[in-house]
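Written out below as C-alpha cells is the structure these notes cover.
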Amino acid sequence: MLMVFRWMLRIFTGLVVLAGLALVGAYYFLSRSLPDYNEDFTLQGLHAPVEIVRNNDNVPHIFGSDDRDVYFALGFTHAQDRLWQMTMLRRTAQGRLSEVFGNRTLKIDELMRRYDLYRYATEAVAVQDDPTRAALEAYAEGVNAWISEVNRGARGRGAPEFFFFSNEIAAWQPADSLAILKLMALQLTGQLEDEVIRARLSLTLPEQRLRDILPDDPGQAIAALPDYAQIVPGPFPQGAPRRYAEDPLSPFPRRGFSGASNAWAAAPSRAAAGGTLLANDPHLGFTAPTLWYLARLELRSGGVIGATIPGVPVVLAGRSEALGWGLTTAYVDDQDLHIEEVNPANSEEYRTPDGWKKFETRRTIIQVKDAAPVTITLRWTDNGPVLPGSHYDLATITPPGHVMSLSWTALTAQDTSMTAAIRLMGAKSTAEAMEAGRLFVAPAQNLMLADREGIAMQIIGAVPQRDARNQTRGRMPSPGWLAENRWLGTFPYEENPRFVKPATGILGNTNNKTVDQPFPRHLSYNWGDTQRVQRWLTLMKTREVHTRESFIEAQLDTVSPTARAILPLVGADLWFTGEAAPEGTPERLRQRALELMAKWNGEMNEHLPEPLIYQAWMRALQDRLIRDEIGPLADSFTKIEPVFLERVYRNIDGAGAWCDVIQSAQVETCTDMARIALDQALLELSEKYGRNLESWRWGDVHQAAHDHPVLGNVPILRYFVNIRQSTSGDDNTLMRGSPKGTGPDPWLNVHGAGYRGVYDFADPDSSVFIIATGQSGHPLSRHYDNLGERWRRGEYIPMSLDPVLARAASVGDSHLRPPAP
C-alpha cells in the first residue's frame, strides 16, 4: 500500500511539474510578441531618423522631419501593439473571416462580399490626393516593416492569437486602410434595419399604432405613409430571424446599436478662462482591446494628438495647437432598400423605368476552414447590390418573384473621406476644417469644431437627394422600377447644415435631431436620441460660463432624464397603496420597491438598487405592452423606448390602447399593466439576487463587457482576455452605457464611450483624454487594461503636445533609422 502511495505521489508531482513547464513554455512563446519599447530599428523605407517616445501611459509621441516618415512610424507603432486587431478588421472588410473561423462566419463573409466594400476601397485609392496617397503608402510600409521584424526575429508570430489561429499575415496595402474606414461606415448606420422593422410592423399594426411603437422625434410633424402591403402586395413568407448578427465577430450592428456619441463646445464668451472648450466621446461596441488607440503625430503642419483606429493613419478625434475636432453620428438617412421585380421569363433581368435590364453579376469564392469552398453569385442593379432574403430578415418583406437591393452612400469608389481626414489634421481654423469636410463621403458625421476664436458644427458626408414623389420617403422599401423612388444623386455640400459661432456660445449634439426640414431636404426621420439632449441642455443652462471640469462633469453625468419623466407617469396610481402588506408577500415586496423608487432622483449609479429595479420594471412593462400585438417582433425591441412609453401613459392619440391585452376577455388598464410588470420584475430579480432589495446593485449586472471578440468565449482563456468593469449609466444618460437587452445577462453594458476627450484652448496642454482599456492588444502586457480602471472611475490622462512632458517617466524611447548609405 505504501508503495502504491509513493508511486501516486510521484506521478502527481510529475504531472504538476509538467504542467508548470508547459505554462512556462507557453508564457515564453506568447510573451515573445511583447514589443520592447526601447528597442531601436534600422528599416528600409525611411528617409530620416524617427523617434517614438511612449509616455508613462504608453501613448506614442512620434517625431520625424518628414510627414511620410511619421506616417511610416505610426503604421509601425500600430502594428507593434495591435497587429491582430488590424488583421481582423481587414479580414472582416474583405469578407475573409471564414478562412480562419470556418462555417461560424460564413454568413458574415457572404454579406460582406455582397457589399463589396473592399473592391470600392481598392478603386478609391486612385481618387485620393497626392499627400493622402503618400500617407497611405508610408503607413502601409511601416506596418509591413514590423511584420518583417516579426518574421525575421521570431517575435512570437506578432500576437498571441496567431498561435491559435492562422499565422499568415499578408502585406498591408493602402486599400486596407480605406476598407477599414468603410467598415466604420457600416457599423455607424442602421437605416436599413429601421426600414425592415417598419415594413414588417406595417403589415401587422394600423397606422396610428405604428406611430406609437416607431414614433418620430416629438416636435416633428408626422406624415402618413402608405401601408407596405399597398405598395407591394404579398404574400410575404416568414423567415427565421438572423443569428449571425449576435456573433462578436459580426460588423453588422443590431437595431439600436448603430453608433451614438456626444460632443459639445463652448465659445470664449461662455468659458471661464476665456478660451474655447470642446468635449467628445464617440460610442461604439465594447471590445478588448478597444477600437481606439491614442497617439501624437508631429507633422509639418504641427503636432496633432488624439484617437486613432489601428489600420487607419489619421487622428479621427483630437486636437492640434490651433484646432480641436470631435465626431458624432449624424443619423443621415443614407440607405434605401428597393424592391426589384425579376423578369419571370428571364431570371437574369430585373425591371427598370425603361424596361427589363440584365443584372450585373460576378462570382466569388469564399474559402472556408475545414470545409469546401463556397461560391456565391453577386448581383447588382442600378440601385445597388442585391441582398438575399436570408439577411436582415428581408425574406419576410420580399414578395415572390422579387429581390431586394440597397442604395447606400458608402458604396462608391469616388470616396475621398480619407483625404478629408488627412486635411482636417492640418487645418488651422474651423473654416479650414469645414472646407476639408467637403471631401468626406461616409459615414455621415456631425463634425464639432473649436479653434481659438470660436466654435462650429458642420454635417459632413453625402446626403442622398430623393424625389419629392418618393412613395415611402425612404422609410420603407419601395419599388425600384419606379423612377420617383430612385435617388437623384446627393445634395451639394453647401446645403449640408452648419452652425457657426452661435449667439448662445454653446453647441452640442447627442445624436438628437439637428434640423427640422421638410422631405426631401430633411436629413432623417430616425434620430439616435431624444433623451440625453434634455439632460445636456439642463447642465449647460445651469452655468453662465463653463470650464474643463464642468465639461468633464457633463461627460460623466449619470442622471437619467427618462427615469425622471417616465416613472411618475407609469407609477402614478401605485406609489400610495394604503397599509403595509404582510412580510414575504409579493405586495410587500412591491411596496418596498416603490418606497425606494419614490425617493430616487434618477441617478443610474452603479452602487444603487433603484437603477436595476427601474430597468427591470420598464423592460417587463414594455414587453407586456407590445408582445400581445406584434408577437415575436417584440424581440426586436431590446431597449426601453421612452417616447413609446410616454405616448402610452399619456394616452397620446389613443396610445393607451396598448395596455389592454387583446387575447383576454378582461379590459386591462395601464395601471394594471404597470403593477403586473413590476411584480414580474421583482420576482425575477429576487429569485436571482435574493429578497433584500437594498442589497441589489446596478453595477453588478451593468458591467462594461470589454470582451475579446475571438477568445472571449473560450473557457479559462476568457478570464485572461476579457475586461469586465462595474459601471454606472444606461442608454439614456450622458455617460452612456447601453445594456445588451438580450440573453441571460440583458443589462450587460456593451456599447458606450470607448474614448473620451476634453480640450481646453485657454491652456491646450491641460486638455485630457482616455480610452476604455489600454494601448496594447497583448493580454500579457501591463498596458492591455491599465487605462480601463481610470476610465471606469471617470479619470483622464494628460493630452499634451509638450515633448518634455512626453519624455518624463516615459515607458520607452525607440529610434527608427534608415539603412546607412
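Labels for the C-alpha cells follow display order: chains A, B, ..., residues from 1 in each chain, ligands from 1.
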Leaving out A:Ser776 and any residue of its chain fewer than 4 positions from it, which residues lie within 6 Å of it when counting only C-alpha atoms, given as a list of chain:residue names?
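Final neighbour list, sorted by chain and number: A:Asp81, A:His783, A:Tyr784.
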So that I can see what lies close to A:Ala598, please list as a list in words the residues with an atom at most 12 Å from it, counting only C-alpha atoms and leaving out residues fewer than 2 positions away in the same chain.
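Those residues are Ala563, Arg564, Leu567, Pro568, Gly571, Ala572, Leu574, Trp575, Phe576, Gln591, Arg592, Ala593, Leu594, Glu595, Leu596, Trp600, Asn601, Gly602, Glu610, Ile613 and Tyr614 of chain A.
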Under the rule that only C-alpha atoms are counted, which of A:Met418, A:Ile506, A:Leu291, A:Ile169 is the nearest residue to A:Leu277?
A:Ile506
Per DSSP on the backbone, what are the helix (DSSP H, G or I) residues of stretch 9-114 of chain A, as a PyMOL selection string?
chain A and resi 9-31+67-94+98-114
Which of stretch 733-788 of chain A end up as strand (DSSP E) when DSSP is run on this backbone - answer as a list in words?
Gly737, Ser738, Pro739, Asn749, Val750, His751, Gly752, Ala753, Tyr755, Arg756, Gly757, Val758, Tyr759, Asp760, Val768, Phe769, Ile770 and Ile771 of chain A
Using only C-alpha atoms, what table do you get, as a Markdown table, when you list each residue of stretch 294-329 of chain A with an atom no more than 10 Å from stretch 431-439 of chain A, its nearest pair of atoms, and their distance in Å rounded to one decimal, rows by chain then rising number?
```
| residue | atom | partner | partner_atom | distance |
| --- | --- | --- | --- | --- |
| A:Leu323 | CA | A:Ala433 | CA | 8.6 |
| A:Gly324 | CA | A:Ala433 | CA | 9.7 |
| A:Trp325 | CA | A:Ala433 | CA | 8.6 |
```
Could you jot down the atom CA of A:Ile52 to atom CA of A:Val143 separation for me, Å, one decimal place?
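Here the two named atoms are 14.8 Å from each other.
Separating atom CA of A:Ser766 from atom CA of A:Val533 is a distance of 26.8 Å.
When only C-alpha atoms are used to compute distances to A:Val648, the closest of the residues A:Asp130, A:Glu348, A:Asp660, A:Asp370 turns out to be A:Asp660.
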